[in-house]
Amino acid sequence: MSEALSEQSVVVASKDQVSCELAGEAAVLNTKTGVYYGLDPVGARVWQLVQQPRRVSEVGQQLVVEYEVDSQRCMSDVVALLEKLRSEGLLIEVREGVTA
């Protein structure tokens with residue numbers, strides 16, 4: 001597996017998936033493995049945000065504004081979710097230090 005994500009990593013949803021919104025949540029299908037994943041409303045919002053390349057820090061900052069959550073806790077949770085999505089083949093890291 002590649003290096004851990006950082007706040008400066010630029011990430012985007014993989015092309016090997018399809019997704020849809022379901023009552024504020026998201027269902028994502030990895031087309032390579034055939035496995036479905038469910039995301040709660042906050043996870044679904046993260047999923048919306050990474051449909052275009054973005055820095056991890058931008059995703060966290062947007063959630064802090066929208067959900068009025070502690071920024072440190074939010075960033076930690078965002079990184080953990082993005083790492084999980086990447087480990088499942090649903091997210092790719094574009095690269096460090098590239099402007100989205």
# chains A, B, ... in the order shown; residues from 1 in each chain; ligands from 1

$ closest_atom_pairs --of "stretch 1-43 of chain A" --to "stretch 68-91 of chain A" --cutoff "9 Å" --atoms "only C-alpha atoms" --output "CSV"
residue,atom,partner,partner_atom,distance
A:Met1,CA,A:Ser87,CA,8.0
A:Ala4,CA,A:Glu83,CA,7.5
A:Leu5,CA,A:Val79,CA,6.7
A:Ser6,CA,A:Val79,CA,7.4
A:Glu7,CA,A:Val79,CA,7.8
A:Val11,CA,A:Leu91,CA,6.9
A:Val12,CA,A:Leu91,CA,5.9
A:Ala13,CA,A:Leu91,CA,4.4
A:Ser14,CA,A:Leu91,CA,4.8
A:Lys15,CA,A:Leu90,CA,8.1
A:Asp16,CA,A:Leu90,CA,7.1
A:Gln17,CA,A:Leu90,CA,6.5
A:Val28,CA,A:Leu90,CA,8.3
A:Leu29,CA,A:Leu90,CA,8.6
A:Asn30,CA,A:Leu90,CA,6.6
A:Lys32,CA,A:Gly89,CA,8.6
A:Thr33,CA,A:Gly89,CA,8.9
A:Gly43,CA,A:Leu81,CA,7.6

$ write_last_selection --atoms "N, CA and C atoms" --output "short mmCIF file (atom, residue, chain, number, x, y, z; two decimals), in the first residue's frame"
data_model
loop_
_atom_site.label_atom_id
_atom_site.label_comp_id
_atom_site.auth_asym_id
_atom_site.auth_seq_id
_atom_site.Cartn_x
_atom_site.Cartn_y
_atom_site.Cartn_z
N MET A 1 0.85 -1.18 0.00
CA MET A 1 0.00 0.00 0.00
C MET A 1 0.89 1.23 0.00
N ALA A 4 0.76 6.81 3.84
CA ALA A 4 -0.45 7.31 4.48
C ALA A 4 -0.84 8.66 3.91
N LEU A 5 -2.11 8.93 3.89
CA LEU A 5 -2.60 10.22 3.43
C LEU A 5 -2.22 11.30 4.44
N SER A 6 -1.99 12.50 3.92
CA SER A 6 -1.77 13.65 4.78
C SER A 6 -2.78 14.72 4.39
N GLU A 7 -2.80 15.81 5.13
CA GLU A 7 -3.72 16.90 4.82
C GLU A 7 -3.41 17.50 3.45
N VAL A 11 -6.82 13.81 -3.41
CA VAL A 11 -7.51 12.55 -3.63
C VAL A 11 -8.72 12.76 -4.54
N VAL A 12 -9.15 11.67 -5.17
CA VAL A 12 -10.33 11.69 -6.02
C VAL A 12 -10.93 10.29 -6.03
N ALA A 13 -12.24 10.21 -6.22
CA ALA A 13 -12.91 8.91 -6.30
C ALA A 13 -12.36 8.13 -7.50
N SER A 14 -12.20 6.84 -7.32
CA SER A 14 -11.73 5.96 -8.37
C SER A 14 -12.75 5.86 -9.49
N LYS A 15 -12.28 5.61 -10.68
CA LYS A 15 -13.17 5.39 -11.82
C LYS A 15 -13.81 4.00 -11.78
N ASP A 16 -13.30 3.13 -10.90
CA ASP A 16 -13.78 1.75 -10.82
C ASP A 16 -14.93 1.60 -9.83
N GLN A 17 -15.84 2.57 -9.82
CA GLN A 17 -16.97 2.53 -8.91
C GLN A 17 -18.16 3.25 -9.51
N VAL A 28 -22.16 2.72 -2.68
CA VAL A 28 -21.06 2.72 -3.64
C VAL A 28 -20.76 1.28 -4.01
N LEU A 29 -20.63 1.01 -5.29
CA LEU A 29 -20.29 -0.32 -5.78
C LEU A 29 -18.91 -0.27 -6.42
N ASN A 30 -18.01 -1.09 -5.91
CA ASN A 30 -16.71 -1.25 -6.53
C ASN A 30 -16.90 -2.20 -7.71
N LYS A 32 -14.84 -3.44 -9.77
CA LYS A 32 -13.82 -4.49 -9.93
C LYS A 32 -14.10 -5.68 -9.04
N THR A 33 -14.57 -5.41 -7.81
CA THR A 33 -14.77 -6.50 -6.85
C THR A 33 -16.23 -6.92 -6.73
N GLY A 43 -20.36 10.61 5.65
CA GLY A 43 -19.54 9.88 4.68
C GLY A 43 -19.98 10.16 3.26
#

$ closest_residue --among "A:Val35, A:Val10, A:Gly24, A:Pro41" --to "A:Arg54" --atoms "only C-alpha atoms"
A:Val10

$ select_by_dssp --residues "chain A" --states "helix (DSSP H, G or I)" --output "VMD selection string"
chain A and resid 41 to 49 56 to 67 71 to 87

$ residues_around --residues "A:Asp40" --least-positions-apart "5" --cutoff "12 Å" --atoms "only C-alpha atoms" --output "MDAnalysis selection string"
chainID A and resid 21:28 45:47 81

$ write_last_selection --atoms "N, CA and C atoms" --output "compact mmCIF listing (two decimals), in the first residue's frame"
# COMPACT_ATOMS: atom_id res chain seq x y z
N GLU A 21 -27.12 8.26 -4.33
CA GLU A 21 -27.60 8.74 -3.04
C GLU A 21 -28.87 7.98 -2.69
N LEU A 22 -28.99 7.63 -1.41
CA LEU A 22 -30.17 6.93 -0.91
C LEU A 22 -30.58 7.59 0.40
N ALA A 23 -31.57 8.45 0.36
CA ALA A 23 -32.09 9.11 1.57
C ALA A 23 -31.00 9.78 2.38
N GLY A 24 -30.11 10.53 1.70
CA GLY A 24 -29.05 11.26 2.38
C GLY A 24 -27.80 10.45 2.63
N GLU A 25 -27.86 9.17 2.40
CA GLU A 25 -26.69 8.32 2.52
C GLU A 25 -26.21 7.98 1.12
N ALA A 26 -25.13 7.22 1.01
CA ALA A 26 -24.62 6.85 -0.31
C ALA A 26 -24.36 5.35 -0.35
N ALA A 27 -24.65 4.77 -1.50
CA ALA A 27 -24.30 3.38 -1.78
C ALA A 27 -23.26 3.42 -2.90
N VAL A 28 -22.16 2.72 -2.68
CA VAL A 28 -21.06 2.72 -3.64
C VAL A 28 -20.76 1.28 -4.01
N ARG A 45 -21.32 12.92 2.23
CA ARG A 45 -20.86 14.27 1.90
C ARG A 45 -19.38 14.25 1.51
N VAL A 46 -18.58 13.48 2.24
CA VAL A 46 -17.17 13.33 1.87
C VAL A 46 -17.09 12.74 0.47
N TRP A 47 -17.91 11.73 0.20
CA TRP A 47 -17.92 11.09 -1.11
C TRP A 47 -18.25 12.10 -2.21
N LEU A 81 -11.48 7.89 7.21
CA LEU A 81 -12.45 7.46 6.20
C LEU A 81 -11.81 7.35 4.82

$ closest_residue --among "A:Ile92, A:Cys20, A:Leu39, A:Ala44" --to "A:Leu63" --atoms "only C-alpha atoms"
A:Ala44

$ select_by_dssp --residues "stretch 13-76 of chain A" --states "strand (DSSP E)" --output "VMD selection string"
chain A and resid 13 17 to 22 25 to 30 35 to 39 54 to 55

$ write_last_selection --atoms "N, CA and C atoms" --output "CSV table (one decimal), in the first residue's frame"
chain,number,residue,atom,x,y,z
A,13,ALA,N,-12.2,10.2,-6.2
A,13,ALA,CA,-12.9,8.9,-6.3
A,13,ALA,C,-12.4,8.1,-7.5
A,17,GLN,N,-15.8,2.6,-9.8
A,17,GLN,CA,-17.0,2.5,-8.9
A,17,GLN,C,-18.2,3.2,-9.5
A,18,VAL,N,-19.3,2.9,-9.0
A,18,VAL,CA,-20.5,3.6,-9.3
A,18,VAL,C,-21.2,3.9,-8.0
A,19,SER,N,-21.9,5.0,-7.9
A,19,SER,CA,-22.6,5.3,-6.6
A,19,SER,C,-23.9,6.0,-6.8
A,20,CYS,N,-24.7,6.1,-5.8
A,20,CYS,CA,-25.9,6.8,-5.8
A,20,CYS,C,-26.3,7.2,-4.4
A,21,GLU,N,-27.1,8.3,-4.3
A,21,GLU,CA,-27.6,8.7,-3.0
A,21,GLU,C,-28.9,8.0,-2.7
A,22,LEU,N,-29.0,7.6,-1.4
A,22,LEU,CA,-30.2,6.9,-0.9
A,22,LEU,C,-30.6,7.6,0.4
A,25,GLU,N,-27.9,9.2,2.4
A,25,GLU,CA,-26.7,8.3,2.5
A,25,GLU,C,-26.2,8.0,1.1
A,26,ALA,N,-25.1,7.2,1.0
A,26,ALA,CA,-24.6,6.9,-0.3
A,26,ALA,C,-24.4,5.4,-0.4
A,27,ALA,N,-24.6,4.8,-1.5
A,27,ALA,CA,-24.3,3.4,-1.8
A,27,ALA,C,-23.3,3.4,-2.9
A,28,VAL,N,-22.2,2.7,-2.7
A,28,VAL,CA,-21.1,2.7,-3.6
A,28,VAL,C,-20.8,1.3,-4.0
A,29,LEU,N,-20.6,1.0,-5.3
A,29,LEU,CA,-20.3,-0.3,-5.8
A,29,LEU,C,-18.9,-0.3,-6.4
A,30,ASN,N,-18.0,-1.1,-5.9
A,30,ASN,CA,-16.7,-1.3,-6.5
A,30,ASN,C,-16.9,-2.2,-7.7
A,35,VAL,N,-18.3,-5.5,-4.7
A,35,VAL,CA,-18.7,-5.3,-3.4
A,35,VAL,C,-19.4,-3.9,-3.2
A,36,TYR,N,-20.5,-3.9,-2.5
A,36,TYR,CA,-21.2,-2.6,-2.2
A,36,TYR,C,-20.7,-2.1,-0.8
A,37,TYR,N,-20.7,-0.8,-0.7
A,37,TYR,CA,-20.4,-0.1,0.5
A,37,TYR,C,-21.4,0.9,0.8
A,38,GLY,N,-21.8,1.1,2.1
A,38,GLY,CA,-22.7,2.1,2.5
A,38,GLY,C,-22.1,3.2,3.3
A,39,LEU,N,-22.4,4.4,3.0
A,39,LEU,CA,-21.9,5.6,3.7
A,39,LEU,C,-23.0,6.4,4.4
A,54,ARG,N,-9.3,16.8,-4.8
A,54,ARG,CA,-9.3,17.8,-3.7
A,54,ARG,C,-8.2,17.4,-2.7
A,55,ARG,N,-7.6,18.4,-2.1
A,55,ARG,CA,-6.7,18.2,-1.0
A,55,ARG,C,-7.6,17.6,0.2

$ atom_distance --atom1 "atom CA of A:Ser9" --atom2 "atom CA of A:Pro53"
9.8 Å

$ atom_distance --atom1 "atom CA of A:Val59" --atom2 "atom CA of A:Gly34"
27.0 Å
